[in-house]
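Just upload-v8.txt here, compact mmCIF, C-alpha atoms:
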# COMPACT_ATOMS: atom_id res chain seq x y z
CA MET W 1 -10.37 -34.20 112.22
CA ALA W 2 -11.22 -32.58 108.90
CA VAL W 3 -13.23 -33.10 105.73
CA LYS W 4 -11.39 -35.79 103.83
CA PHE W 5 -11.78 -38.14 100.94
CA PHE W 6 -11.59 -41.87 101.56
CA GLY W 7 -8.14 -42.53 100.08
CA GLN W 8 -6.60 -39.78 102.20
CA PHE W 9 -8.30 -41.14 105.31
CA LEU W 10 -6.73 -44.57 104.67
CA VAL W 11 -3.22 -43.23 103.98
CA GLU W 12 -3.27 -40.92 107.01
CA ARG W 13 -4.27 -43.87 109.20
CA GLY W 14 -1.54 -46.02 107.69
CA VAL W 15 -4.12 -48.58 106.48
CA VAL W 16 -2.80 -48.45 102.91
CA SER W 17 0.52 -47.15 101.59
CA ARG W 18 0.98 -44.10 99.40
CA GLU W 19 2.18 -46.43 96.60
CA ALA W 20 -0.92 -48.64 96.84
CA LEU W 21 -3.19 -45.59 96.75
CA LEU W 22 -1.40 -44.20 93.69
CA GLU W 23 -1.82 -47.60 91.99
CA ALA W 24 -5.54 -47.58 92.85
CA ILE W 25 -5.92 -44.00 91.58
CA ALA W 26 -4.22 -45.01 88.30
CA LEU W 27 -6.65 -47.94 87.98
CA GLN W 28 -9.55 -45.59 88.70
CA GLU W 29 -8.35 -43.12 86.07
CA ALA W 30 -8.05 -45.91 83.50
CA THR W 31 -11.51 -47.31 84.36
CA ASN W 32 -13.59 -44.19 84.91
CA LEU W 33 -13.80 -42.92 81.36
CA LYS W 34 -14.95 -39.45 80.35
CA PHE W 35 -18.34 -39.00 78.68
CA GLY W 36 -16.76 -38.66 75.21
CA GLU W 37 -14.69 -41.81 75.60
CA VAL W 38 -17.70 -43.86 76.72
CA ALA W 39 -19.79 -42.46 73.84
CA LYS W 40 -17.01 -43.37 71.42
CA ASN W 41 -16.70 -46.93 72.82
CA LEU W 42 -20.46 -47.34 72.38
CA GLY W 43 -20.16 -46.19 68.75
CA ILE W 44 -22.31 -43.11 69.38
CA LEU W 45 -19.68 -40.40 68.76
CA SER W 46 -16.62 -40.28 66.49
CA ASP W 47 -13.28 -38.56 67.18
CA ALA W 48 -14.42 -35.73 64.90
CA ASP W 49 -17.65 -35.33 66.93
CA ILE W 50 -15.64 -35.19 70.17
CA GLU W 51 -13.41 -32.49 68.72
CA LYS W 52 -16.52 -30.50 67.66
CA VAL W 53 -17.84 -30.63 71.23
CA HIS W 54 -14.49 -29.56 72.69
CA ALA W 55 -14.30 -26.63 70.25
CA ALA W 56 -17.83 -25.51 71.17
CA GLN W 57 -17.04 -25.79 74.90
CA ARG W 58 -14.31 -23.18 74.47
CA THR W 59 -16.96 -20.55 73.80
CA GLU W 60 -19.88 -21.82 75.89
CA ASP W 61 -19.81 -23.25 79.41
CA LEU W 62 -21.77 -26.50 78.98
CA ARG W 63 -20.95 -30.03 80.12
CA PHE W 64 -19.78 -32.41 77.37
CA GLY W 65 -23.04 -34.37 77.11
CA ASP W 66 -25.22 -31.25 77.12
CA MET W 67 -23.09 -29.69 74.42
CA ALA W 68 -23.18 -32.84 72.27
CA LEU W 69 -26.98 -32.82 72.66
CA LYS W 70 -27.15 -29.14 71.71
CA LEU W 71 -25.03 -29.80 68.62
CA GLU W 72 -27.42 -32.68 67.77
CA LEU W 73 -24.52 -35.15 67.71
CA LEU W 74 -26.55 -37.54 69.84
CA SER W 75 -30.16 -38.01 71.02
CA GLN W 76 -31.47 -37.75 74.57
CA ALA W 77 -31.83 -41.56 74.66
CA GLN W 78 -28.18 -41.98 73.61
CA MET W 79 -27.09 -39.45 76.22
CA ASP W 80 -28.96 -41.43 78.90
CA GLU W 81 -27.32 -44.63 77.62
CA VAL W 82 -23.84 -43.10 77.98
CA LEU W 83 -24.59 -41.75 81.47
CA THR W 84 -25.96 -45.11 82.63
CA LYS W 85 -22.89 -46.94 81.28
CA GLN W 86 -20.61 -44.38 82.97
CA LYS W 87 -22.46 -44.83 86.28
CA ASN W 88 -22.54 -48.63 86.13
CA ASP W 89 -18.83 -48.90 85.27
CA HIS W 90 -17.71 -46.33 87.85
CA LEU W 91 -14.93 -47.67 90.06
CA TYR W 92 -14.82 -46.20 93.57
CA ILE W 93 -11.47 -45.81 95.29
CA GLY W 94 -12.30 -48.47 97.90
CA GLU W 95 -13.09 -51.04 95.19
CA ALA W 96 -9.94 -50.00 93.31
CA LEU W 97 -7.87 -50.63 96.45
CA VAL W 98 -9.39 -54.10 96.73
CA GLN W 99 -8.60 -54.78 93.06
CA VAL W 100 -4.92 -53.80 93.49
CA GLY W 101 -4.73 -56.04 96.58
CA ALA W 102 -4.24 -53.26 99.14
CA LEU W 103 -7.43 -54.11 101.08
CA ASP W 104 -9.73 -57.11 101.30
CA GLY W 105 -13.51 -56.89 101.22
CA GLU W 106 -13.95 -57.18 104.99
CA ALA W 107 -11.32 -54.52 105.72
CA LEU W 108 -12.98 -52.23 103.16
CA LYS W 109 -16.34 -52.59 104.91
CA LYS W 110 -14.80 -51.77 108.30
CA GLN W 111 -12.81 -48.81 106.98
CA LEU W 112 -15.87 -47.41 105.17
CA ALA W 113 -17.84 -47.60 108.42
CA ASP W 114 -15.01 -45.83 110.33
CA PHE W 115 -14.78 -43.21 107.58
CA LYS W 116 -18.52 -42.59 107.71
CA ALA W 117 -18.33 -42.12 111.49
CA ASP W 118 -15.30 -39.78 111.16
CA GLN W 119 -17.09 -37.63 108.59
CA ALA W 120 -20.55 -37.73 110.22
CA VAL W 121 -19.96 -34.44 112.04
CA TYR W 122 -19.69 -32.73 108.66
CA GLN W 123 -23.06 -33.95 107.39
CA GLN W 124 -25.05 -30.90 106.44
CA ASP W 125 -27.90 -29.47 108.50
CA GLN W 126 -30.56 -27.20 107.03
CA VAL W 127 -29.54 -23.56 106.52
CA VAL W 128 -31.77 -20.68 105.47
CA LEU W 129 -30.13 -18.00 103.33
CA PRO W 130 -31.24 -14.36 103.71
CA ALA W 131 -31.40 -13.63 99.99
CA LYS W 132 -31.79 -15.44 96.68
CA VAL W 133 -28.25 -16.22 95.57
CA GLU W 134 -26.47 -18.21 92.89
CA ALA W 135 -25.17 -21.64 93.88
CA SER W 136 -27.41 -21.70 96.93
CA ALA W 137 -26.60 -25.34 97.77
CA LEU W 138 -22.91 -24.45 97.92
CA CYS W 139 -23.67 -21.36 100.07
CA GLU W 140 -25.77 -23.45 102.46
CA MET W 141 -22.92 -25.93 102.83
CA ILE W 142 -20.45 -23.07 103.52
CA VAL W 143 -22.67 -21.64 106.24
CA ASP W 144 -23.39 -25.02 107.82
CA LEU W 145 -19.71 -26.00 107.88
CA SER W 146 -18.77 -22.59 109.31
CA TYR W 147 -21.11 -23.15 112.25
CA LYS W 148 -19.69 -26.64 112.80
CA MET W 149 -16.09 -25.40 112.73
CA PHE W 150 -16.90 -22.73 115.33
CA THR W 151 -17.77 -25.50 117.74
CA ARG W 152 -15.17 -28.07 116.72
CA VAL W 153 -12.09 -25.94 116.00
CA ALA W 154 -12.64 -22.56 117.71
CA GLN W 155 -14.36 -24.34 120.63
CA LEU W 156 -16.99 -21.60 120.93
CA SER W 157 -20.50 -22.24 122.26
CA PHE W 158 -22.91 -20.09 120.31
CA ARG W 159 -26.35 -19.66 118.84
CA PRO W 160 -26.64 -18.66 115.17
CA GLY W 161 -28.32 -15.25 114.77
CA ALA W 162 -30.79 -14.48 111.98
CA PRO W 163 -28.86 -14.13 108.71
CA LEU W 164 -29.35 -10.95 106.66
CA ALA W 165 -28.36 -9.34 103.38
CA VAL W 166 -25.96 -6.39 103.89
CA LYS W 167 -24.06 -3.75 101.93
CA GLU W 168 -21.20 -3.50 104.42
CA LEU W 169 -19.70 -5.27 107.41
CA ALA W 170 -19.30 -3.22 110.62
CA ALA W 171 -15.74 -2.52 111.83
CA ASN W 172 -14.38 -4.91 114.45
CA GLU W 173 -11.07 -5.69 116.19
CA THR W 174 -9.97 -8.20 113.54
CA ILE W 175 -11.53 -8.93 110.17
CA ALA W 176 -9.88 -11.82 108.31
CA THR W 177 -10.73 -12.53 104.68
CA MET W 178 -10.16 -15.27 102.17
CA GLU W 179 -10.94 -15.01 98.48
CA PHE W 180 -12.16 -18.04 96.56
CA THR W 181 -12.83 -18.80 92.90
CA GLY W 182 -14.30 -21.71 90.93
CA SER W 183 -17.91 -22.92 91.00
CA LEU W 184 -18.57 -19.90 93.25
CA SER W 185 -16.40 -16.79 93.41
CA GLY W 186 -16.22 -14.28 96.24
CA THR W 187 -14.78 -13.62 99.66
CA TYR W 188 -15.23 -15.37 103.00
CA VAL W 189 -15.04 -12.87 105.86
CA LEU W 190 -14.71 -13.48 109.61
CA SER W 191 -15.09 -10.55 111.98
CA VAL W 192 -14.17 -11.02 115.65
CA SER W 193 -13.80 -8.97 118.84
CA ALA W 194 -10.54 -9.05 120.84
CA PRO W 195 -11.71 -11.69 123.38
CA VAL W 196 -12.91 -13.99 120.59
CA ARG W 197 -9.61 -13.46 118.77
CA GLU W 198 -7.87 -14.68 121.93
CA GLN W 199 -10.19 -17.69 122.19
CA ILE W 200 -9.37 -18.64 118.59
CA ALA W 201 -5.64 -18.30 119.41
CA ARG W 202 -6.06 -20.52 122.49
CA ALA W 203 -7.82 -23.13 120.35
CA VAL W 204 -5.33 -22.97 117.45
CA PHE W 205 -2.28 -23.10 119.76
CA SER W 206 -3.90 -25.55 122.21
CA GLN W 207 -2.62 -23.43 125.08
CA ALA W 208 -4.53 -21.94 128.00
CA ASP W 209 -2.86 -18.52 128.10
CA VAL W 210 -2.20 -16.31 125.07
CA SER W 211 -2.03 -12.99 126.92
CA ASP W 212 1.67 -12.56 126.08
CA GLU W 213 1.14 -13.04 122.36
CA SER W 214 1.61 -10.07 120.03
CA LEU W 215 -1.24 -8.67 117.92
CA GLU W 216 0.55 -10.00 114.83
CA VAL W 217 0.48 -13.55 116.19
CA LEU W 218 -3.15 -13.26 117.36
CA GLU W 219 -4.24 -11.97 113.96
CA ASP W 220 -2.27 -14.75 112.32
CA THR W 221 -4.24 -17.34 114.28
CA VAL W 222 -7.53 -15.81 113.06
CA MET W 223 -6.22 -15.99 109.47
CA GLU W 224 -5.16 -19.58 110.03
CA TYR W 225 -8.58 -20.40 111.44
CA VAL W 226 -10.20 -18.93 108.29
CA ASN W 227 -7.72 -20.96 106.22
CA ILE W 228 -8.77 -24.17 107.98
CA VAL W 229 -12.48 -23.38 107.58
CA CYS W 230 -12.16 -22.47 103.90
CA GLY W 231 -9.89 -25.45 103.18
CA ASN W 232 -12.50 -27.76 104.64
CA ILE W 233 -15.21 -25.94 102.67
CA ALA W 234 -13.23 -26.52 99.45
CA ALA W 235 -12.92 -30.20 100.38
CA LYS W 236 -16.66 -30.49 101.01
CA ALA W 237 -17.35 -28.66 97.72
CA ALA W 238 -15.17 -31.23 95.92
CA GLN W 239 -17.29 -34.00 97.47
CA MET W 240 -20.36 -32.23 96.01
CA GLY W 241 -18.72 -32.27 92.57
CA LYS W 242 -17.95 -28.53 92.72
CA GLN W 243 -14.61 -26.82 92.49
CA MET W 244 -13.33 -24.09 94.83
CA GLU W 245 -9.82 -22.67 94.79
CA ILE W 246 -8.79 -20.59 97.80
CA LEU W 247 -6.17 -17.86 97.97
CA PRO W 248 -3.99 -17.13 101.03
CA PRO W 249 -5.87 -15.32 103.85
CA ALA W 250 -5.54 -11.60 104.56
CA ILE W 251 -6.55 -9.00 107.18
CA PHE W 252 -8.91 -6.13 106.29
CA ARG W 253 -7.37 -2.98 107.73
CA GLY W 254 -10.12 -0.46 107.14
CA PRO W 255 -10.53 2.40 107.66
CA GLY W 256 -14.08 1.97 108.99
CA ASN W 257 -16.62 -0.58 107.84
CA MET W 258 -15.86 -3.16 105.19
CA PRO W 259 -18.00 -2.50 102.10
CA VAL W 260 -19.40 -5.28 99.92
CA PRO W 261 -17.76 -4.83 96.49
CA GLU W 262 -19.90 -3.40 93.68
CA GLY W 263 -21.83 -6.14 91.89
CA GLN W 264 -21.60 -8.63 94.77
CA VAL W 265 -24.18 -9.68 97.37
CA GLY W 266 -23.26 -9.54 101.06
CA LEU W 267 -24.72 -12.28 103.26
CA LEU W 268 -24.11 -11.75 106.96
CA PHE W 269 -24.35 -14.51 109.57
CA PRO W 270 -24.23 -13.18 113.14
CA ILE W 271 -22.95 -15.50 115.86
CA CYS W 272 -24.42 -14.93 119.31
CA LEU W 273 -22.12 -15.86 122.19
CA ALA W 274 -23.32 -16.23 125.79
CA ASP W 275 -21.07 -13.38 127.00
CA GLY W 276 -22.35 -10.97 124.34
CA GLU W 277 -19.04 -10.83 122.44
CA LYS W 278 -19.31 -9.90 118.78
CA VAL W 279 -18.59 -12.42 116.03
CA GLU W 280 -19.91 -12.42 112.48
CA PHE W 281 -19.03 -14.21 109.34
CA ALA W 282 -20.06 -13.10 105.91
CA LEU W 283 -20.01 -14.19 102.31
CA PHE W 284 -19.49 -11.59 99.58
CA ILE W 285 -20.52 -13.36 96.36
CA MET O 1 17.94 -37.41 114.78
CA LYS O 2 16.00 -36.51 111.62
CA ARG O 3 16.21 -32.87 110.55
CA VAL O 4 12.92 -31.18 109.65
CA LEU O 5 12.22 -28.01 107.66
CA ILE O 6 8.80 -26.37 108.21
CA ALA O 7 7.33 -24.38 105.31
CA ASP O 8 4.17 -22.47 106.25
CA ASP O 9 3.20 -18.81 105.93
CA SER O 10 1.25 -18.99 109.19
CA ILE O 11 3.25 -18.22 112.34
CA ALA O 12 0.63 -20.10 114.33
CA VAL O 13 0.89 -23.32 112.31
CA ALA O 14 4.71 -23.17 112.14
CA ARG O 15 4.88 -22.79 115.90
CA GLN O 16 2.38 -25.56 116.57
CA LEU O 17 4.15 -27.93 114.22
CA GLU O 18 7.53 -27.15 115.73
CA LYS O 19 6.16 -27.88 119.19
CA VAL O 20 4.84 -31.27 118.04
CA VAL O 21 7.91 -32.20 115.97
CA MET O 22 10.35 -31.34 118.78
CA SER O 23 8.26 -33.01 121.51
CA THR O 24 9.80 -36.49 121.47
CA GLY O 25 13.50 -35.95 120.75
CA GLU O 26 13.23 -37.97 117.51
CA PHE O 27 13.20 -34.92 115.23
CA GLU O 28 14.89 -31.54 115.14
CA VAL O 29 13.47 -28.45 113.40
CA ILE O 30 16.31 -26.84 111.43
CA GLY O 31 14.47 -23.96 109.77
CA HIS O 32 11.27 -22.21 108.72
CA ALA O 33 10.22 -21.09 105.25
CA LYS O 34 7.31 -18.67 104.78
CA ASN O 35 6.59 -19.62 101.17
CA GLY O 36 7.48 -22.16 98.51
CA ALA O 37 10.42 -20.17 97.14
CA GLU O 38 12.04 -19.98 100.58
CA ALA O 39 11.47 -23.71 101.03
CA ILE O 40 13.37 -24.50 97.81
CA LYS O 41 16.24 -22.27 98.93
CA LEU O 42 16.40 -23.66 102.47
CA ASN O 43 16.25 -27.23 101.15
CA GLN O 44 19.41 -26.52 99.17
CA THR O 45 21.30 -24.74 101.96
CA GLU O 46 20.12 -26.75 105.01
CA ASN O 47 19.65 -30.17 103.40
CA PRO O 48 16.81 -31.39 105.70
CA ASP O 49 15.66 -35.04 105.83
CA ILE O 50 11.98 -34.04 105.93
CA ILE O 51 9.98 -31.01 104.80
CA CYS O 52 6.53 -30.33 106.29
CA MET O 53 4.94 -27.97 103.79
CA ASP O 54 1.67 -26.05 103.48
CA LEU O 55 -0.20 -26.17 100.15
CA ASN O 56 -1.71 -22.70 100.20
CA MET O 57 1.10 -20.13 100.55
CA PRO O 58 1.72 -16.71 99.01
CA ILE O 59 4.47 -16.01 96.42
CA MET O 60 4.86 -19.72 95.57
CA ASP O 61 2.32 -22.39 96.57
CA GLY O 62 3.23 -25.75 98.04
CA LEU O 63 2.59 -27.89 94.94
CA THR O 64 4.86 -25.70 92.78
CA ALA O 65 7.54 -25.83 95.46
CA LEU O 66 7.13 -29.61 95.79
CA ARG O 67 7.58 -30.05 92.02
CA ASN O 68 10.78 -27.96 92.10
CA ILE O 69 12.17 -29.59 95.23
CA LYS O 70 11.65 -33.13 93.94
CA ALA O 71 13.22 -32.19 90.59
CA LEU O 72 16.39 -31.05 92.39
CA ASP O 73 16.46 -33.47 95.30
CA ARG O 74 14.95 -36.95 95.13
CA GLU O 75 16.07 -37.88 98.65
CA VAL O 76 14.20 -35.36 100.79
CA GLN O 77 10.87 -36.63 102.17
CA VAL O 78 8.05 -34.12 101.80
CA VAL O 79 4.79 -34.20 103.78
CA MET O 80 2.09 -31.68 102.90
CA VAL O 81 0.27 -30.13 105.87
CA THR O 82 -2.93 -28.55 104.68
CA SER O 83 -6.60 -27.84 105.15
CA LEU O 84 -6.98 -28.63 101.43
CA GLY O 85 -6.06 -32.29 101.92
CA GLY O 86 -9.67 -33.28 101.49
CA VAL O 87 -9.74 -31.87 97.96
CA GLY O 88 -9.17 -35.15 96.13
CA ASP O 89 -7.29 -33.78 93.14
CA LYS O 90 -4.92 -31.73 95.33
CA PHE O 91 -4.25 -34.78 97.48
CA SER O 92 -3.53 -37.14 94.59
CA GLU O 93 -1.52 -34.46 92.75
CA ALA O 94 0.70 -34.00 95.82
CA LEU O 95 1.29 -37.77 96.03
CA LYS O 96 2.01 -37.99 92.30
CA LEU O 97 4.55 -35.18 92.60
CA GLY O 98 6.39 -37.16 95.24
CA ALA O 99 4.87 -36.12 98.59
CA ARG O 100 5.01 -39.04 101.02
CA ASN O 101 1.77 -38.16 102.80
CA VAL O 102 -0.70 -35.36 103.52
CA ILE O 103 -1.64 -34.23 107.03
CA SER O 104 -5.04 -32.54 107.33
CA LYS O 105 -5.53 -29.39 109.40
CA PRO O 106 -6.55 -29.14 112.14
CA PHE O 107 -4.02 -31.84 112.93
CA GLU O 108 -3.53 -34.07 115.95
CA ALA O 109 -0.01 -34.34 117.42
CA GLU O 110 0.04 -38.14 117.46
CA ASN O 111 -1.04 -38.31 113.82
CA VAL O 112 1.78 -35.94 112.79
CA LEU O 113 4.37 -37.95 114.72
CA ASN O 114 3.12 -41.29 113.35
CA ILE O 115 3.38 -40.00 109.81
CA LEU O 116 6.90 -38.60 110.36
CA ARG O 117 8.03 -41.85 112.02
CA GLY O 118 6.72 -43.80 109.05
CA LEU O 119 8.94 -41.97 106.54

I'd like the structure from this file rewritten - as structure tokens, please.
Amino acid sequence: MAVKFFGQFLVERGVVSREALLEAIALQEATNLKFGEVAKNLGILSDADIEKVHAAQRTEDLRFGDMALKLELLSQAQMDEVLTKQKNDHLYIGEALVQVGALDGEALKKQLADFKADQAVYQQDQVVLPAKVEASALCEMIVDLSYKMFTRVAQLSFRPGAPLAVKELAANETIATMEFTGSLSGTYVLSVSAPVREQIARAVFSQADVSDESLEVLEDTVMEYVNIVCGNIAAKAAQMGKQMEILPPAIFRGPGNMPVPEGQVGLLFPICLADGEKVEFALFI
Amino acid sequence: MKRVLIADDSIAVARQLEKVVMSTGEFEVIGHAKNGAEAIKLNQTENPDIICMDLNMPIMDGLTALRNIKALDREVQVVMVTSLGGVGDKFSEALKLGARNVISKPFEAENVLNILRGL
């Protein structure tokens, strides 16, 4: 079970074939036009106007419509007209699959209901951040999904501790990190004690006893756990219309505490386990 | 028996996948690659029927390796095994480059076997 998009859910279940999905994606790509293309079809912008917007976007990070508005190539009313047309004409992947004959309407309804149930565990709960940060909605999603993955993947029963802003993360038995870039840049950090490291290994390997495993293998399972969490976070971000690229995981090897890099904010989220073992995750952004 | 190459930088995932793949006697694991570059090399020397490959690997990522592998060998069936499967553009890009399917992590053994049997 993981954060997925609908087409992937259907292919993994064998409900539609890879070929049918690719056909539906091609239909979607041909139907769901970009802002500039819709504006051109409506006679609002010319090719020269579109080129002007693209040129301006190279030096300023603004969405196409906002930039066209700023350059006074269209009015607010025209921008709203384009957005409405884009929204009304939008073809969802499920509808595209029906149009290419891979699903019928009834099957689509049933699969959408199954998909909703499958993804319900990843619906976001409310999270309070310890400091004012950029992209707070994205941060809240990261924290919420991290808590959910502790239960679902690491199989740990816990209570979230009060989050706080920090300048460093205290040393621990294993600290695994994963850098990410895109709509939000920074590092995801998971700090665990030796018993928790073993619990994560038991969960990742689905085996009761990991006492014979080497430190290298145990650390690898913590990195893999971080990889799974961050991969699912990137997937959830994509569903929110945001982009997050993740790099391969790594282990912080000290010495001592792990400092928050200059210019970044450290947000620490303690995890309280019943047996008092120490687990924390942090975001350096 | 179909011959499977596993490409994943994680020892944990490679071991878990091997356990699942070897569990029924239908498939045989013939090698492990720790990154995309090793996967390309092992595909040439070991000639597997199937490659189970991670997307997010050091040195060379899975999509780059997939592009190279499919350019050299149109026969081999590639399945991506990744926690990034839910990122729509990564998923559709993998399919467009010739991957037969994408398995999301954490994976379930039966799902992996069903996908491999369907190739």

- [ ] For each of O:Leu84, O:Ile51, O:Ala37, O:Ile69, take the minimum atom-to-atom distance to chain W, counting all atoms listed in the file, then give the residue where this is smallest.
- [x]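 With all atoms listed in the file as the atom set, the closest residue is O:Leu84.
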
Open item on the list: Taking only C-alpha atoms into account, name the residue in W:Ala96, W:Ala234, W:Ala162, W:Leu62 that is nearest to Leu267 in chain W.
Closed with: W:Ala162

Given 8 Å on each side, where is the centre and what are the edge lengths in Å to one decimal of the axis-aligned box enclosing the listed atoms of range 29-43 of chain W, as lines of an AutoDock Vina configuration file?
center_x = -14.3
center_y = -43.0
center_z = 77.4
size_x = 28.4
size_y = 24.7
size_z = 33.3

Task: Check: which chain O residues lie within 8 Å of chain W using only C-alpha atoms, as number ranges by chain - done: O: 10-13, 16, 56-58, 82-88, 91-92, 95-96, 100-108, 111, 115

TODO: Figure out the distance between CA of Tyr147 in chain W and CA of Gly276 in chain W, please, to one decimal in Å.
DONE: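 Separation between CA of Gly276 in chain W and CA of Tyr147 in chain W: 17.2 Å.
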
Open item on the list: Between CA of Gln77 in chain O and CA of Ala99 in chain O, what is the distance in Å, rounded to a tenth?
Closed with: 7.0 Å

Open item on the list: For a test of reading the model, state the distance in Å between CA of Leu42 in chain W and CA of Leu91 in chain W, rounded to one decimal.
Closed with: 18.5 Å

Task: Shortest interatomic distance to Phe252 in chain W - which of W:Glu173, W:Glu198, W:Glu280, W:Asp275, counting all atoms listed in the file - done: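 Answer, going by the shortest atom-to-atom distance: W:Glu173.
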
- [ ] Tell me which protein, DNA and RNA residues are within 12 Å of Ala65 in chain O, counting all atoms listed in the file, leaving out same-chain ones fewer than 5 positions away, and put them as a PyMOL selection string.
- [x] chain O and resi 7-8+33-43+51-60+70-73+78+80+94+97-99

Selected residues, C-alpha atoms, written as a CSV table (one decimal), in the frame of the given file, please.
chain,number,residue,atom,x,y,z
O,7,ALA,CA,7.3,-24.4,105.3
O,8,ASP,CA,4.2,-22.5,106.2
O,33,ALA,CA,10.2,-21.1,105.2
O,34,LYS,CA,7.3,-18.7,104.8
O,35,ASN,CA,6.6,-19.6,101.2
O,36,GLY,CA,7.5,-22.2,98.5
O,37,ALA,CA,10.4,-20.2,97.1
O,38,GLU,CA,12.0,-20.0,100.6
O,39,ALA,CA,11.5,-23.7,101.0
O,40,ILE,CA,13.4,-24.5,97.8
O,41,LYS,CA,16.2,-22.3,98.9
O,42,LEU,CA,16.4,-23.7,102.5
O,43,ASN,CA,16.2,-27.2,101.2
O,51,ILE,CA,10.0,-31.0,104.8
O,52,CYS,CA,6.5,-30.3,106.3
O,53,MET,CA,4.9,-28.0,103.8
O,54,ASP,CA,1.7,-26.0,103.5
O,55,LEU,CA,-0.2,-26.2,100.2
O,56,ASN,CA,-1.7,-22.7,100.2
O,57,MET,CA,1.1,-20.1,100.6
O,58,PRO,CA,1.7,-16.7,99.0
O,59,ILE,CA,4.5,-16.0,96.4
O,60,MET,CA,4.9,-19.7,95.6
O,70,LYS,CA,11.6,-33.1,93.9
O,71,ALA,CA,13.2,-32.2,90.6
O,72,LEU,CA,16.4,-31.0,92.4
O,73,ASP,CA,16.5,-33.5,95.3
O,78,VAL,CA,8.0,-34.1,101.8
O,80,MET,CA,2.1,-31.7,102.9
O,94,ALA,CA,0.7,-34.0,95.8
O,97,LEU,CA,4.6,-35.2,92.6
O,98,GLY,CA,6.4,-37.2,95.2
O,99,ALA,CA,4.9,-36.1,98.6

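Using only C-alpha atoms, the shortest contact distance between Val133 in chain W and any of W:Leu97, W:Ala171, W:Leu184, W:Leu273 is found at W:Leu184.
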
TODO: Counting all atoms listed in the file, figure out which residue out of W:Ser191, W:Gln155, W:Thr177, W:Ser183 gets nearest to Ala135 in chain W.
DONE: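 Checking each of W:Ser191, W:Gln155, W:Thr177, W:Ser183 against Ala135 in chain W, counting all atoms listed in the file, the winner is W:Ser183.
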
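Residues in contact with Gly31 in chain O at up to 8 Å, not including ones fewer than 6 positions away on its chain and judged by all atoms listed in the file, are Val4, Leu5, Ile6, Leu42 and Glu46 of chain O.
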
Task: Spatial neighbours of Met67 in chain W, 12 Å, only C-alpha atoms, chain gap at least 2 places, as a PyMOL selection string - done: chain W and resi 35-36+49-65+69-76+79

TODO: Have a look at W:Leu138, W:Leu283, W:Cys272, W:Ala194 and name the one nearest to Glu179 in chain W; count only C-alpha atoms.
DONE: W:Leu283
